[in-house]
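Colleague: Data file structure23.cif (mmCIF, C-alpha atoms and all ligand atoms) is appended below.
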data_input
loop_
_atom_site.label_atom_id
_atom_site.label_comp_id
_atom_site.auth_asym_id
_atom_site.auth_seq_id
_atom_site.Cartn_x
_atom_site.Cartn_y
_atom_site.Cartn_z
CA MET A 1 84.45 109.37 109.67
CA LYS A 2 81.52 111.11 108.12
CA MET A 3 81.35 111.61 104.34
CA ILE A 4 79.47 114.35 102.52
CA GLU A 5 78.95 113.81 98.81
CA VAL A 6 78.88 116.89 96.59
CA LYS A 7 78.33 117.37 92.87
CA ASP A 8 81.67 118.75 91.79
CA TYR A 9 84.75 120.80 92.69
CA GLN A 10 82.74 124.05 92.76
CA GLU A 11 80.20 122.68 95.20
CA MET A 12 82.93 121.18 97.37
CA SER A 13 84.74 124.53 97.51
CA LYS A 14 81.52 126.39 98.37
CA ARG A 15 80.50 123.96 101.11
CA VAL A 16 83.94 123.96 102.73
CA ALA A 17 84.12 127.76 102.60
CA GLU A 18 80.66 128.06 104.18
CA TYR A 19 81.75 125.74 106.97
CA ILE A 20 84.90 127.77 107.64
CA ILE A 21 82.99 131.08 107.50
CA GLU A 22 80.47 129.84 110.06
CA LYS A 23 83.35 128.84 112.39
CA VAL A 24 85.10 132.18 111.88
CA ARG A 25 81.91 134.09 112.60
CA THR A 26 80.89 132.13 115.69
CA SER A 27 84.28 131.60 117.37
CA LYS A 28 85.80 134.22 119.64
CA LYS A 29 89.22 133.00 118.61
CA LEU A 30 89.97 130.34 116.00
CA ASN A 31 93.10 128.38 115.17
CA LEU A 32 92.70 127.28 111.59
CA GLY A 33 94.95 124.68 109.97
CA LEU A 34 95.41 125.28 106.25
CA ALA A 35 96.59 123.26 103.27
CA THR A 36 98.07 124.13 99.89
CA GLY A 37 98.05 122.31 96.55
CA GLY A 38 95.33 122.54 93.93
CA THR A 39 92.46 121.22 96.06
CA PRO A 40 91.79 124.18 98.42
CA VAL A 41 92.21 126.98 95.85
CA GLY A 42 88.45 127.18 95.18
CA THR A 43 87.72 127.24 98.90
CA TYR A 44 90.07 130.22 99.35
CA THR A 45 88.43 132.01 96.40
CA ASN A 46 85.04 131.59 98.09
CA LEU A 47 86.43 132.93 101.39
CA ILE A 48 87.75 136.02 99.62
CA GLU A 49 84.42 136.64 97.84
CA ASP A 50 82.54 136.32 101.12
CA HIS A 51 84.99 138.65 102.87
CA LYS A 52 84.40 141.28 100.20
CA GLN A 53 80.62 140.89 100.09
CA ASN A 54 79.74 140.08 103.71
CA TYR A 55 82.75 141.52 105.56
CA THR A 56 83.53 138.33 107.46
CA SER A 57 86.51 139.34 109.56
CA TYR A 58 89.62 137.25 110.17
CA GLN A 59 91.13 139.53 112.80
CA ASP A 60 90.67 136.92 115.54
CA VAL A 61 91.87 134.01 113.41
CA THR A 62 95.32 132.45 113.61
CA THR A 63 96.40 130.09 110.85
CA PHE A 64 98.94 127.29 110.76
CA ASN A 65 99.94 125.72 107.47
CA LEU A 66 100.81 122.09 107.12
CA ASP A 67 104.03 122.27 105.20
CA GLU A 68 106.69 124.07 103.18
CA TYR A 69 109.43 123.16 100.72
CA VAL A 70 112.95 123.15 102.12
CA GLY A 71 115.24 125.62 100.38
CA LEU A 72 112.57 128.08 99.20
CA SER A 73 112.19 131.48 100.82
CA GLY A 74 108.78 133.06 101.30
CA ASP A 75 109.43 135.35 98.32
CA ASP A 76 109.85 132.43 95.96
CA SER A 77 106.67 132.09 93.89
CA ASN A 78 106.73 128.31 94.40
CA SER A 79 106.89 128.51 98.20
CA TYR A 80 103.76 127.76 100.17
CA ARG A 81 104.17 131.10 101.99
CA TYR A 82 103.90 132.86 98.63
CA TYR A 83 100.93 130.65 97.66
CA MET A 84 99.03 131.45 100.88
CA ASN A 85 99.64 135.20 100.62
CA ASP A 86 98.62 135.16 96.98
CA GLN A 87 95.61 132.84 97.23
CA LEU A 88 94.19 134.09 100.53
CA PHE A 89 95.99 136.24 103.09
CA ASP A 90 96.55 139.29 100.85
CA HIS A 91 92.81 139.49 100.15
CA ILE A 92 91.29 139.25 103.64
CA ASP A 93 91.78 141.25 106.85
CA ILE A 94 93.86 138.65 108.69
CA HIS A 95 96.89 139.96 110.63
CA LYS A 96 99.85 138.55 108.69
CA SER A 97 101.66 138.13 112.01
CA ASN A 98 99.00 135.56 112.93
CA THR A 99 99.69 133.40 109.88
CA TYR A 100 102.24 130.69 110.52
CA ILE A 101 103.96 128.49 107.96
CA PRO A 102 107.15 126.53 108.69
CA ARG A 103 110.15 128.32 107.19
CA GLY A 104 111.80 126.39 104.39
CA ASP A 105 114.88 128.60 104.43
CA ALA A 106 115.65 128.53 108.16
CA SER A 107 119.37 128.20 108.89
CA ASP A 108 118.68 125.35 111.33
CA MET A 109 115.83 123.24 109.95
CA GLN A 110 115.79 120.79 112.90
CA LYS A 111 115.25 123.73 115.23
CA GLU A 112 112.56 125.08 112.90
CA CYS A 113 110.65 121.79 113.26
CA LEU A 114 110.87 121.86 117.07
CA ASP A 115 109.91 125.54 117.17
CA TYR A 116 106.87 125.00 114.94
CA GLU A 117 105.61 122.13 117.07
CA LYS A 118 106.12 124.26 120.19
CA LEU A 119 104.30 127.18 118.60
CA LEU A 120 101.27 124.99 117.92
CA THR A 121 101.22 123.75 121.50
CA GLU A 122 101.60 127.26 122.91
CA HIS A 123 98.61 128.41 120.85
CA GLY A 124 96.48 125.58 122.19
CA GLY A 125 96.46 123.47 119.01
CA ILE A 126 94.34 123.58 115.89
CA ASP A 127 90.55 123.87 116.13
CA LEU A 128 89.78 123.05 112.50
CA GLN A 129 92.29 121.54 110.07
CA ILE A 130 91.69 121.58 106.31
CA LEU A 131 93.38 118.69 104.51
CA GLY A 132 93.90 117.51 100.96
CA ILE A 133 95.20 114.06 100.09
CA GLY A 134 97.96 112.91 97.73
CA SER A 135 97.18 110.02 95.41
CA ASN A 136 99.66 107.93 97.44
CA GLY A 137 97.71 108.78 100.62
CA HIS A 138 100.00 111.53 101.88
CA ILE A 139 98.57 114.18 104.18
CA GLY A 140 100.63 117.32 104.55
CA PHE A 141 103.94 116.04 103.18
CA ASN A 142 103.80 112.85 105.25
CA GLU A 143 104.70 110.26 102.68
CA PRO A 144 103.94 106.51 102.94
CA GLY A 145 105.96 104.94 105.76
CA THR A 146 105.84 108.01 108.03
CA SER A 147 105.35 107.09 111.68
CA PHE A 148 101.92 107.78 113.10
CA ASP A 149 103.82 109.19 116.13
CA SER A 150 105.65 111.84 114.11
CA ASN A 151 105.71 115.50 115.06
CA THR A 152 106.77 118.34 112.73
CA HIS A 153 109.75 116.96 110.82
CA LEU A 154 111.84 117.02 107.66
CA VAL A 155 110.92 114.70 104.82
CA GLU A 156 112.34 113.43 101.57
CA LEU A 157 109.58 113.88 98.98
CA ALA A 158 108.37 110.78 97.13
CA PRO A 159 109.11 110.82 93.37
CA SER A 160 105.33 110.67 92.70
CA THR A 161 104.77 113.79 94.84
CA ARG A 162 107.52 115.70 93.06
CA GLU A 163 106.08 114.63 89.70
CA ALA A 164 102.55 115.65 90.73
CA ASN A 165 103.75 119.06 91.93
CA ALA A 166 106.09 119.66 88.97
CA ARG A 167 103.15 121.35 87.22
CA TYR A 168 103.87 124.44 89.32
CA PHE A 169 107.59 124.57 88.45
CA SER A 170 109.31 125.04 85.11
CA SER A 171 110.86 121.58 85.30
CA LEU A 172 110.85 118.48 87.50
CA GLU A 173 114.47 119.17 88.49
CA GLU A 174 113.38 122.43 90.07
CA VAL A 175 110.97 120.74 92.49
CA PRO A 176 112.68 120.61 95.89
CA THR A 177 113.55 117.13 97.13
CA LYS A 178 112.88 117.93 100.78
CA ALA A 179 110.12 119.54 102.78
CA VAL A 180 109.13 120.35 106.34
CA THR A 181 105.72 119.14 107.44
CA MET A 182 103.51 118.84 110.48
CA GLY A 183 103.73 115.19 111.50
CA ILE A 184 100.91 112.69 111.61
CA ALA A 185 100.64 113.05 115.39
CA THR A 186 100.57 116.83 114.99
CA ILE A 187 97.68 116.62 112.52
CA MET A 188 95.82 114.11 114.69
CA LYS A 189 95.87 116.56 117.62
CA SER A 190 93.53 118.88 115.65
CA LYS A 191 90.13 119.02 117.29
CA GLU A 192 88.33 118.68 113.97
CA ILE A 193 89.44 117.80 110.44
CA LEU A 194 87.86 118.46 107.04
CA LEU A 195 89.34 116.33 104.25
CA LEU A 196 88.69 117.55 100.70
CA ILE A 197 88.76 115.00 97.88
CA SER A 198 87.95 115.95 94.31
CA GLY A 199 88.38 114.29 90.94
CA GLU A 200 88.73 110.84 89.50
CA ASN A 201 92.49 110.84 90.04
CA LYS A 202 91.84 110.79 93.81
CA SER A 203 89.31 107.93 93.74
CA GLU A 204 91.91 105.23 94.39
CA ALA A 205 93.05 107.14 97.47
CA LEU A 206 89.46 107.61 98.64
CA SER A 207 88.80 103.91 98.17
CA GLN A 208 91.85 102.93 100.17
CA LEU A 209 90.97 105.41 102.88
CA LEU A 210 87.46 104.00 103.23
CA HIS A 211 88.17 100.29 102.83
CA GLY A 212 91.89 99.66 103.31
CA GLU A 213 93.78 98.84 106.48
CA VAL A 214 94.86 101.51 108.92
CA ASN A 215 98.64 101.45 108.61
CA GLU A 216 101.64 103.65 107.96
CA SER A 217 101.96 102.60 104.33
CA PHE A 218 98.89 104.76 103.66
CA PRO A 219 99.26 107.85 105.88
CA ALA A 220 95.68 109.16 105.50
CA SER A 221 94.33 105.90 106.96
CA VAL A 222 95.24 107.24 110.41
CA LEU A 223 92.25 109.59 110.08
CA ARG A 224 89.97 106.61 110.74
CA ASN A 225 91.26 106.80 114.33
CA HIS A 226 90.26 110.45 114.71
CA PRO A 227 86.91 111.14 116.41
CA TYR A 228 85.91 114.10 114.30
CA VAL A 229 86.77 113.85 110.61
CA THR A 230 84.46 114.85 107.76
CA ILE A 231 85.34 113.93 104.18
CA ILE A 232 83.87 116.18 101.52
CA ALA A 233 84.17 114.32 98.25
CA ASP A 234 82.81 115.08 94.82
CA LYS A 235 80.95 112.70 92.52
CA ALA A 236 83.98 112.11 90.29
CA ALA A 237 86.05 110.84 93.23
CA ILE A 238 83.18 108.78 94.59
CA ALA A 239 81.82 107.40 91.31
CA ALA A 240 85.11 105.88 90.31
CA GLU A 241 85.49 104.57 93.85
CA LYS A 242 82.09 102.83 93.60
CA VAL A 243 82.98 101.20 90.28
CA ARG A 244 86.10 99.74 91.87
CA ASN A 245 84.20 98.10 94.73
O1 LIG B 301 95.55 119.27 96.15
P1 LIG B 301 96.60 118.57 95.35
O2 LIG B 301 97.38 119.52 94.50
O3 LIG B 301 96.05 117.42 94.59
O4 LIG B 301 97.61 117.99 96.39
C1 LIG B 301 97.22 117.09 97.38
C2 LIG B 301 98.10 117.24 98.58
O5 LIG B 301 99.44 117.30 98.17
C3 LIG B 301 100.09 118.42 98.71
O6 LIG B 301 100.04 119.47 97.78
C4 LIG B 301 101.48 118.11 98.99
O7 LIG B 301 102.04 117.57 97.84
C5 LIG B 301 99.26 118.75 99.89
O8 LIG B 301 99.53 120.01 100.38
C6 LIG B 301 97.90 118.50 99.34
O9 LIG B 301 96.98 118.38 100.35
#
Any chance you could put this one into C-alpha cells?

Modeller:
Amino acid sequence: MKMIEVKDYQEMSKRVAEYIIEKVRTSKKLNLGLATGGTPVGTYTNLIEDHKQNYTSYQDVTTFNLDEYVGLSGDDSNSYRYYMNDQLFDHIDIHKSNTYIPRGDASDMQKECLDYEKLLTEHGGIDLQILGIGSNGHIGFNEPGTSFDSNTHLVELAPSTREANARYFSSLEEVPTKAVTMGIATIMKSKEILLLISGENKSEALSQLLHGEVNESFPASVLRNHPYVTIIADKAAIAAEKVRN
C-alpha cells in the first residue's frame, strides 16, 4: 500500500478528483467504483467544477456504487441513489443508464445481490474503486466479521454504523437496519483502489490498517493484500495516528 499525505480535507478532495479526471480523460472506457458517506462529497464537488470549467466528459464512464440501504427507494432522500444523483450524476454529462447502484427496494433482495455481482463481471470489473472507511474498519457496508470471500450480499448494519449515519436521518430509529453491499471479494477484484481517510476520528482506523493484523475482524485490513492500493490521508488522520504509535 502506498500512502499520500495531504494537508486537509480540501486538499484530499482536490487530489482525488484530479486523479479521477486524469483517468476519465485518458481512458477510452472506464468503470469507476464509487462510495457515499461524508468523505467523498468534496471529491464530487471538484469533479463537477472541473466538468463545468474544463468540459471533462463522462459519456464513456460507467459507475458502480458500493452499497445501498435495504428498504429505501431511489426517490428517498436518504438513499444512496438519491445521494449520487444529487452530489454528482445530475451535474455532469454521464448517461444515467450507465450508473449502477444496488436496489434497496428490489422485491427479491437475494436475486438483486446475484444480479449486481453478475453485472460487474459482465462489464469486466472495476478499473478504479474509490473507498472510504468506517471507524470500525468497514469498507462499503462490510462490517467486522465479514468473510474476505464475500460477494455482493445483504448485511445487518452494526449499531456504530447506524449511529454514525444517523446524522443524515431525523432519528436513529429511521436508519435502516439492513443494507446491500459489494462484498470484500468483489471490492478486491478492482484493478486499483483509492482509499480516502480524513479527520482525527478516522486515525484509529488508519492506525489499525497500517499496523494491525490482516483479519476479518477489521475488514479494511484485507486491502494490504491488494497489489494496487493508494491511501490518501490528511494530516489530522495521520497526526493522531503518529501520536498513538
Ligand atoms: O465517509 P463517512 O461518512 O465517514 O463514512 C465512511 C464509510 O461509511 C459508509 O458511509 C457506510 O457507512 C461508507 O459508504 C463510507 O465509505

Colleague: Just give me the gap between CA of Lys96 (chain A) and CA of Leu114 (chain A) in Å, one decimal is fine.

Modeller: 21.7 Å

Colleague: Select, counting all atoms listed in the file, all protein, DNA and RNA residues no farther than 10 Å from (83.7, 114.3, 88.9) in file coordinates, and express the selection as a ChimeraX atom specification.

Modeller: /A:6-9,198-201,203,233-240

Colleague: When you look at region 139-155 of chain A with a cut-off of 9 Å (counting all atoms listed in the file), what residues show up, excluding the ones that are within fewer than 6 positions of it in the same chain? I need them as a PyMOL selection string.

Modeller: chain A and resi 35-36+65-68+70+109-110+112-114+116-117+131-133+161+177-188+215-220+222

Colleague: CA of Gln10 (chain A) to CA of Gly38 (chain A): how many Å, to one decimal?

Modeller: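 Distance between the two atoms: 12.7 Å.
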
Colleague: Find, counting all atoms listed in the file, the residue in A:Phe89, A:Tyr69, A:Phe169, A:Phe64 that gets nearest to ligand LIG 301 (chain B).

Modeller: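 Checking each of A:Phe89, A:Tyr69, A:Phe169, A:Phe64 against ligand LIG 301 (chain B), counting all atoms listed in the file, the winner is A:Tyr69.
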
Colleague: Between A:Arg15, A:Arg224, A:Arg167, A:Lys2, which has the minimum distance to ligand LIG 301 (chain B) (counting only C-alpha atoms and all ligand atoms)?

Modeller: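 Selected residue with least distance to ligand LIG 301 (chain B): A:Arg167.
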